[in-house]
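File shown here: query27.cif, holding mmCIF, N, CA and C atoms.
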```
data_model
loop_
_atom_site.group_PDB
_atom_site.id
_atom_site.type_symbol
_atom_site.label_atom_id
_atom_site.label_comp_id
_atom_site.auth_asym_id
_atom_site.auth_seq_id
_atom_site.Cartn_x
_atom_site.Cartn_y
_atom_site.Cartn_z
ATOM 1 N N MET B 891 0.818 -1.203 0.000
ATOM 2 C CA MET B 891 0.000 0.000 0.000
ATOM 3 C C MET B 891 0.861 1.266 0.000
ATOM 4 N N TYR B 892 1.928 1.259 0.783
ATOM 5 C CA TYR B 892 2.746 2.464 0.867
ATOM 6 C C TYR B 892 3.403 2.795 -0.470
ATOM 7 N N VAL B 893 3.720 1.777 -1.259
ATOM 8 C CA VAL B 893 4.331 2.010 -2.570
ATOM 9 C C VAL B 893 3.357 2.762 -3.474
ATOM 10 N N GLN B 894 2.092 2.381 -3.448
ATOM 11 C CA GLN B 894 1.090 3.059 -4.268
ATOM 12 C C GLN B 894 0.930 4.519 -3.857
ATOM 13 N N ILE B 895 0.939 4.772 -2.565
ATOM 14 C CA ILE B 895 0.797 6.142 -2.072
ATOM 15 C C ILE B 895 2.031 6.952 -2.437
ATOM 16 N N ALA B 896 3.212 6.381 -2.239
ATOM 17 C CA ALA B 896 4.458 7.072 -2.602
ATOM 18 C C ALA B 896 4.475 7.378 -4.091
ATOM 19 N N ASP B 897 4.036 6.424 -4.912
ATOM 20 C CA ASP B 897 3.987 6.644 -6.356
ATOM 21 C C ASP B 897 3.000 7.749 -6.712
ATOM 22 N N ASP B 898 1.880 7.820 -6.000
ATOM 23 C CA ASP B 898 0.896 8.872 -6.233
ATOM 24 C C ASP B 898 1.498 10.244 -5.935
ATOM 25 N N ILE B 899 2.173 10.358 -4.811
ATOM 26 C CA ILE B 899 2.793 11.636 -4.448
ATOM 27 C C ILE B 899 3.922 11.971 -5.419
ATOM 28 N N ALA B 900 4.717 10.977 -5.812
ATOM 29 C CA ALA B 900 5.795 11.195 -6.784
ATOM 30 C C ALA B 900 5.217 11.691 -8.111
ATOM 31 N N GLN B 901 4.084 11.153 -8.511
ATOM 32 C CA GLN B 901 3.441 11.582 -9.750
ATOM 33 C C GLN B 901 2.974 13.035 -9.632
ATOM 34 N N GLN B 902 2.447 13.400 -8.471
ATOM 35 C CA GLN B 902 2.026 14.780 -8.242
ATOM 36 C C GLN B 902 3.215 15.727 -8.357
ATOM 37 N N ILE B 903 4.376 15.285 -7.867
ATOM 38 C CA ILE B 903 5.596 16.091 -7.967
ATOM 39 C C ILE B 903 6.015 16.196 -9.432
ATOM 40 N N ALA B 904 6.031 15.066 -10.129
ATOM 41 C CA ALA B 904 6.448 15.044 -11.537
ATOM 42 C C ALA B 904 5.545 15.920 -12.409
ATOM 43 N N GLU B 905 4.257 15.944 -12.098
ATOM 44 C CA GLU B 905 3.301 16.727 -12.883
ATOM 45 C C GLU B 905 3.288 18.201 -12.494
ATOM 46 N N GLY B 906 4.025 18.554 -11.437
ATOM 47 C CA GLY B 906 4.086 19.945 -11.015
ATOM 48 C C GLY B 906 2.975 20.371 -10.085
ATOM 49 N N ASN B 907 2.149 19.409 -9.662
ATOM 50 C CA ASN B 907 1.097 19.738 -8.697
ATOM 51 C C ASN B 907 1.675 20.028 -7.321
ATOM 52 N N LEU B 908 2.800 19.411 -7.028
ATOM 53 C CA LEU B 908 3.579 19.713 -5.829
ATOM 54 C C LEU B 908 4.928 20.228 -6.326
ATOM 55 N N LYS B 909 5.251 21.453 -5.997
ATOM 56 C CA LYS B 909 6.436 22.106 -6.538
ATOM 57 C C LYS B 909 7.601 22.098 -5.543
ATOM 58 N N PRO B 910 8.848 22.186 -6.063
ATOM 59 C CA PRO B 910 10.007 22.258 -5.180
ATOM 60 C C PRO B 910 9.844 23.366 -4.145
ATOM 61 N N GLY B 911 10.144 23.027 -2.909
ATOM 62 C CA GLY B 911 10.009 23.981 -1.807
ATOM 63 C C GLY B 911 8.654 23.942 -1.122
ATOM 64 N N GLU B 912 7.688 23.296 -1.750
ATOM 65 C CA GLU B 912 6.343 23.222 -1.179
ATOM 66 C C GLU B 912 6.296 22.183 -0.059
ATOM 67 N N LYS B 913 5.606 22.530 1.002
ATOM 68 C CA LYS B 913 5.458 21.629 2.137
ATOM 69 C C LYS B 913 4.379 20.593 1.853
ATOM 70 N N LEU B 914 4.681 19.340 2.142
ATOM 71 C CA LEU B 914 3.682 18.285 2.005
ATOM 72 C C LEU B 914 2.644 18.421 3.119
ATOM 73 N N PRO B 915 1.455 17.896 2.894
ATOM 74 C CA PRO B 915 0.457 17.900 3.968
ATOM 75 C C PRO B 915 0.986 17.157 5.202
ATOM 76 N N SER B 916 0.402 17.432 6.331
ATOM 77 C CA SER B 916 0.812 16.786 7.581
ATOM 78 C C SER B 916 0.548 15.286 7.530
ATOM 79 N N THR B 917 1.187 14.570 8.433
ATOM 80 C CA THR B 917 0.957 13.127 8.539
ATOM 81 C C THR B 917 -0.523 12.840 8.761
ATOM 82 N N ALA B 918 -1.146 13.611 9.624
ATOM 83 C CA ALA B 918 -2.572 13.408 9.904
ATOM 84 C C ALA B 918 -3.416 13.618 8.652
ATOM 85 N N ALA B 919 -3.093 14.641 7.869
ATOM 86 C CA ALA B 919 -3.846 14.902 6.643
ATOM 87 C C ALA B 919 -3.647 13.784 5.626
ATOM 88 N N LEU B 920 -2.410 13.303 5.502
ATOM 89 C CA LEU B 920 -2.143 12.203 4.569
ATOM 90 C C LEU B 920 -2.831 10.917 5.023
ATOM 91 N N ARG B 921 -2.821 10.681 6.326
ATOM 92 C CA ARG B 921 -3.520 9.496 6.862
ATOM 93 C C ARG B 921 -4.995 9.551 6.511
ATOM 94 N N ALA B 922 -5.599 10.705 6.686
ATOM 95 C CA ALA B 922 -7.024 10.855 6.395
ATOM 96 C C ALA B 922 -7.303 10.726 4.896
ATOM 97 N N LYS B 923 -6.470 11.333 4.075
ATOM 98 C CA LYS B 923 -6.676 11.295 2.627
ATOM 99 C C LYS B 923 -6.610 9.868 2.082
ATOM 100 N N TYR B 924 -5.590 9.129 2.535
ATOM 101 C CA TYR B 924 -5.370 7.782 1.996
ATOM 102 C C TYR B 924 -5.981 6.677 2.872
ATOM 103 N N GLU B 925 -6.532 7.068 4.024
ATOM 104 C CA GLU B 925 -7.169 6.129 4.952
ATOM 105 C C GLU B 925 -6.231 4.983 5.340
ATOM 106 N N VAL B 926 -5.042 5.372 5.831
ATOM 107 C CA VAL B 926 -4.032 4.404 6.262
ATOM 108 C C VAL B 926 -3.486 4.816 7.621
ATOM 109 N N SER B 927 -2.665 3.946 8.195
ATOM 110 C CA SER B 927 -2.079 4.222 9.503
ATOM 111 C C SER B 927 -0.865 5.151 9.391
ATOM 112 N N GLU B 928 -0.449 5.651 10.521
ATOM 113 C CA GLU B 928 0.742 6.502 10.581
ATOM 114 C C GLU B 928 1.978 5.737 10.120
ATOM 115 N N THR B 929 2.024 4.453 10.434
ATOM 116 C CA THR B 929 3.159 3.621 10.028
ATOM 117 C C THR B 929 3.288 3.589 8.508
ATOM 118 N N VAL B 930 2.183 3.461 7.813
ATOM 119 C CA VAL B 930 2.209 3.450 6.344
ATOM 120 C C VAL B 930 2.750 4.779 5.827
ATOM 121 N N ILE B 931 2.299 5.885 6.399
ATOM 122 C CA ILE B 931 2.768 7.205 5.958
ATOM 123 C C ILE B 931 4.263 7.352 6.234
ATOM 124 N N ARG B 932 4.743 6.801 7.319
ATOM 125 C CA ARG B 932 6.190 6.847 7.596
ATOM 126 C C ARG B 932 6.972 6.109 6.515
ATOM 127 N N PHE B 933 6.480 4.953 6.101
ATOM 128 C CA PHE B 933 7.127 4.206 5.016
ATOM 129 C C PHE B 933 7.091 5.012 3.711
ATOM 130 N N VAL B 934 5.988 5.698 3.476
ATOM 131 C CA VAL B 934 5.866 6.549 2.286
ATOM 132 C C VAL B 934 6.961 7.617 2.303
ATOM 133 N N MET B 935 7.130 8.278 3.438
ATOM 134 C CA MET B 935 8.124 9.345 3.547
ATOM 135 C C MET B 935 9.541 8.805 3.342
ATOM 136 N N VAL B 936 9.820 7.637 3.908
ATOM 137 C CA VAL B 936 11.141 7.036 3.723
ATOM 138 C C VAL B 936 11.395 6.771 2.250
ATOM 139 N N ARG B 937 10.399 6.228 1.557
ATOM 140 C CA ARG B 937 10.544 5.931 0.128
ATOM 141 C C ARG B 937 10.779 7.212 -0.672
ATOM 142 N N LEU B 938 10.009 8.246 -0.399
ATOM 143 C CA LEU B 938 10.163 9.506 -1.129
ATOM 144 C C LEU B 938 11.510 10.160 -0.836
ATOM 145 N N LYS B 939 11.972 10.073 0.410
ATOM 146 C CA LYS B 939 13.288 10.626 0.758
ATOM 147 C C LYS B 939 14.391 9.858 0.056
ATOM 148 N N THR B 940 14.269 8.540 0.005
ATOM 149 C CA THR B 940 15.253 7.701 -0.668
ATOM 150 C C THR B 940 15.324 8.037 -2.156
ATOM 151 N N GLN B 941 14.189 8.372 -2.739
ATOM 152 C CA GLN B 941 14.132 8.743 -4.151
ATOM 153 C C GLN B 941 14.612 10.175 -4.400
ATOM 154 N N GLY B 942 14.876 10.904 -3.318
ATOM 155 C CA GLY B 942 15.347 12.279 -3.449
ATOM 156 C C GLY B 942 14.256 13.273 -3.803
ATOM 157 N N LEU B 943 13.013 12.899 -3.577
ATOM 158 C CA LEU B 943 11.894 13.768 -3.936
ATOM 159 C C LEU B 943 11.468 14.712 -2.821
ATOM 160 N N VAL B 944 11.752 14.327 -1.576
ATOM 161 C CA VAL B 944 11.385 15.171 -0.437
ATOM 162 C C VAL B 944 12.524 15.193 0.571
ATOM 163 N N ASP B 945 12.469 16.191 1.441
ATOM 164 C CA ASP B 945 13.459 16.326 2.499
ATOM 165 C C ASP B 945 12.745 16.759 3.768
ATOM 166 N N GLY B 946 12.975 16.023 4.855
ATOM 167 C CA GLY B 946 12.373 16.377 6.135
ATOM 168 C C GLY B 946 13.205 17.407 6.858
ATOM 169 N N GLN B 947 12.534 18.373 7.445
ATOM 170 C CA GLN B 947 13.193 19.409 8.230
ATOM 171 C C GLN B 947 12.588 19.373 9.628
ATOM 172 N N PRO B 948 13.351 18.856 10.592
ATOM 173 C CA PRO B 948 12.823 18.696 11.955
ATOM 174 C C PRO B 948 12.151 19.966 12.473
ATOM 175 N N GLY B 949 10.941 19.783 12.950
ATOM 176 C CA GLY B 949 10.182 20.887 13.506
ATOM 177 C C GLY B 949 9.486 21.759 12.475
ATOM 178 N N ARG B 950 9.755 21.520 11.198
ATOM 179 C CA ARG B 950 9.143 22.335 10.141
ATOM 180 C C ARG B 950 8.221 21.518 9.236
ATOM 181 N N GLY B 951 8.616 20.280 8.926
ATOM 182 C CA GLY B 951 7.802 19.446 8.053
ATOM 183 C C GLY B 951 8.619 18.795 6.967
ATOM 184 N N VAL B 952 7.926 18.279 5.967
ATOM 185 C CA VAL B 952 8.565 17.611 4.837
ATOM 186 C C VAL B 952 8.282 18.443 3.597
ATOM 187 N N PHE B 953 9.347 18.727 2.837
ATOM 188 C CA PHE B 953 9.252 19.616 1.692
ATOM 189 C C PHE B 953 9.705 18.916 0.424
ATOM 190 N N VAL B 954 9.102 19.305 -0.695
ATOM 191 C CA VAL B 954 9.476 18.776 -1.997
ATOM 192 C C VAL B 954 10.836 19.355 -2.374
ATOM 193 N N THR B 955 11.707 18.476 -2.878
ATOM 194 C CA THR B 955 12.998 18.930 -3.393
ATOM 195 C C THR B 955 12.952 18.839 -4.903
ATOM 196 N N LYS B 956 13.969 19.289 -5.550
ATOM 197 C CA LYS B 956 14.052 19.157 -7.006
ATOM 198 C C LYS B 956 14.380 17.710 -7.330
ATOM 199 N N PRO B 957 13.565 17.050 -8.147
ATOM 200 C CA PRO B 957 13.863 15.670 -8.513
ATOM 201 C C PRO B 957 15.212 15.543 -9.207
ATOM 202 N N ALA B 958 15.932 14.503 -8.881
ATOM 203 C CA ALA B 958 17.219 14.249 -9.527
ATOM 204 C C ALA B 958 16.996 13.987 -11.001
ATOM 205 N N GLY B 959 17.898 14.459 -11.816
ATOM 206 C CA GLY B 959 17.757 14.197 -13.235
ATOM 207 C C GLY B 959 18.308 15.311 -14.000
#
```
Any chance you could give the structure as structure tokens?
Amino acid sequence: MYVQIADDIAQQIAEGNLKPGEKLPSTAALRAKYEVSETVIRFVMVRLKTQGLVDGQPGRGVFVTKPAG
């Protein structure tokens, strides 16, 4: 399930719906949108960070970075 959600967010980034520097919705908002647990959202964030699509900033949130390429 987390792979599908990560792919959905990655697609939003690729299409420009989420732009570099833009803050992703909160964990609670993502949980509600996708109807999954916090653990699933954590796996999503790890996958997106590994792909270089987002960067977490402690105390501030998770932000879209420029995709590698």
For this session: Please measure the separation of CA of Asp898 (chain B) and atom N of Gln947 (chain B), giving the value in Å to one decimal.
Result: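 Computed distance, CA of Asp898 (chain B) to atom N of Gln947 (chain B), equals 20.3 Å.
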Problem set entry | Residue set, chain B restricted to alpha helix (DSSP H), as a PyMOL selection string | chain B and resi 892-904+917-924+928-940
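Across the chains present, the PyMOL selection byres ((chain B and resi 912) around 7) applied to this file returns Leu908, Lys909, Pro910, Gly911, Lys913, Leu914, Val952, Phe953, Val954 and Thr955 of chain B.
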Exercise. Can you tell me, as a ChimeraX atom specification, what residues are no more than 8 Å from region 935-945 of chain B when counting all atoms listed in the file, ignoring any on the same chain fewer than 6 positions away?
Worked result: /B:892-893,895-897,899-900,903,929,951-958
For this session: Could you tell me which residues the PyMOL selection byres (((chain B and resi 924 and name CA) around 12) and name CA) grabs in this file, written as number ranges by chain?
Result: B: 891-892, 894-896, 898-899, 915, 917-923, 925-928, 930-931, 934
Exercise. What residues in chain B get the DSSP label strand (DSSP E or B)? Please answer as an NGL selection string.
Worked result: :B and (913 or 944-947 or 951-954)
Please return the centre and edge lengths, in Å to one decimal, of a box with edges along x, y and z that contains all listed atoms of region 910-913 of chain B, widened by 5 Å on every side, as JSON.
```
{"center_x": 7.3, "center_y": 22.3, "center_z": -2.0, "size_x": 15.8, "size_y": 13.4, "size_z": 18.2}
```
When you get a chance, write out all heavy atoms for region 942-953 of chain B, as a tab-separated table (two decimals), in the coordinates of the input.
```tsv
chain	number	residue	atom	x	y	z
B	942	GLY	N	14.88	10.90	-3.32
B	942	GLY	CA	15.35	12.28	-3.45
B	942	GLY	C	14.26	13.27	-3.80
B	942	GLY	O	14.55	14.38	-4.26
B	943	LEU	N	13.01	12.90	-3.58
B	943	LEU	CA	11.89	13.77	-3.94
B	943	LEU	C	11.47	14.71	-2.82
B	943	LEU	O	10.87	15.76	-3.09
B	943	LEU	CB	10.69	12.93	-4.38
B	943	LEU	CG	10.92	12.07	-5.62
B	943	LEU	CD1	9.70	11.20	-5.89
B	943	LEU	CD2	11.23	12.94	-6.82
B	944	VAL	N	11.75	14.33	-1.58
B	944	VAL	CA	11.38	15.17	-0.44
B	944	VAL	C	12.52	15.19	0.57
B	944	VAL	O	13.41	14.34	0.56
B	944	VAL	CB	10.08	14.69	0.27
B	944	VAL	CG1	8.91	14.69	-0.69
B	944	VAL	CG2	10.27	13.33	0.89
B	945	ASP	N	12.47	16.19	1.44
B	945	ASP	CA	13.46	16.33	2.50
B	945	ASP	C	12.74	16.76	3.77
B	945	ASP	O	11.97	17.72	3.75
B	945	ASP	CB	14.51	17.37	2.10
B	945	ASP	CG	15.59	17.51	3.15
B	945	ASP	OD1	16.06	16.49	3.69
B	945	ASP	OD2	15.99	18.67	3.43
B	946	GLY	N	12.98	16.02	4.86
B	946	GLY	CA	12.37	16.38	6.14
B	946	GLY	C	13.20	17.41	6.86
B	946	GLY	O	14.43	17.33	6.87
B	947	GLN	N	12.53	18.37	7.44
B	947	GLN	CA	13.19	19.41	8.23
B	947	GLN	C	12.59	19.37	9.63
B	947	GLN	O	11.43	19.76	9.81
B	947	GLN	CB	13.01	20.78	7.58
B	947	GLN	CG	13.64	20.85	6.20
B	947	GLN	CD	13.43	22.20	5.56
B	947	GLN	OE1	13.00	23.16	6.18
B	947	GLN	NE2	13.74	22.29	4.27
B	948	PRO	N	13.35	18.86	10.59
B	948	PRO	CA	12.82	18.70	11.96
B	948	PRO	C	12.15	19.97	12.47
B	948	PRO	O	12.70	21.06	12.38
B	948	PRO	CB	14.07	18.35	12.78
B	948	PRO	CG	15.01	17.73	11.79
B	948	PRO	CD	14.75	18.47	10.50
B	949	GLY	N	10.94	19.78	12.95
B	949	GLY	CA	10.18	20.89	13.51
B	949	GLY	C	9.49	21.76	12.48
B	949	GLY	O	8.71	22.62	12.82
B	950	ARG	N	9.76	21.52	11.20
B	950	ARG	CA	9.14	22.34	10.14
B	950	ARG	C	8.22	21.52	9.24
B	950	ARG	O	7.22	22.02	8.76
B	950	ARG	CB	10.22	23.00	9.29
B	950	ARG	CG	11.01	24.03	10.10
B	950	ARG	CD	11.84	24.94	9.23
B	950	ARG	NE	10.97	25.68	8.30
B	950	ARG	CZ	11.28	25.91	7.03
B	950	ARG	NH1	12.39	25.45	6.52
B	950	ARG	NH2	10.45	26.57	6.25
B	951	GLY	N	8.62	20.28	8.93
B	951	GLY	CA	7.80	19.45	8.05
B	951	GLY	C	8.62	18.80	6.97
B	951	GLY	O	9.85	18.77	7.02
B	952	VAL	N	7.93	18.28	5.97
B	952	VAL	CA	8.56	17.61	4.84
B	952	VAL	C	8.28	18.44	3.60
B	952	VAL	O	7.14	18.81	3.33
B	952	VAL	CB	8.02	16.18	4.67
B	952	VAL	CG1	8.63	15.50	3.46
B	952	VAL	CG2	8.28	15.35	5.93
B	953	PHE	N	9.35	18.73	2.84
B	953	PHE	CA	9.25	19.62	1.69
B	953	PHE	C	9.70	18.92	0.42
B	953	PHE	O	10.61	18.09	0.44
B	953	PHE	CB	10.11	20.86	1.92
B	953	PHE	CG	9.64	21.71	3.06
B	953	PHE	CD1	9.98	21.40	4.37
B	953	PHE	CD2	8.82	22.81	2.85
B	953	PHE	CE1	9.54	22.17	5.44
B	953	PHE	CE2	8.38	23.58	3.90
B	953	PHE	CZ	8.73	23.27	5.20
```
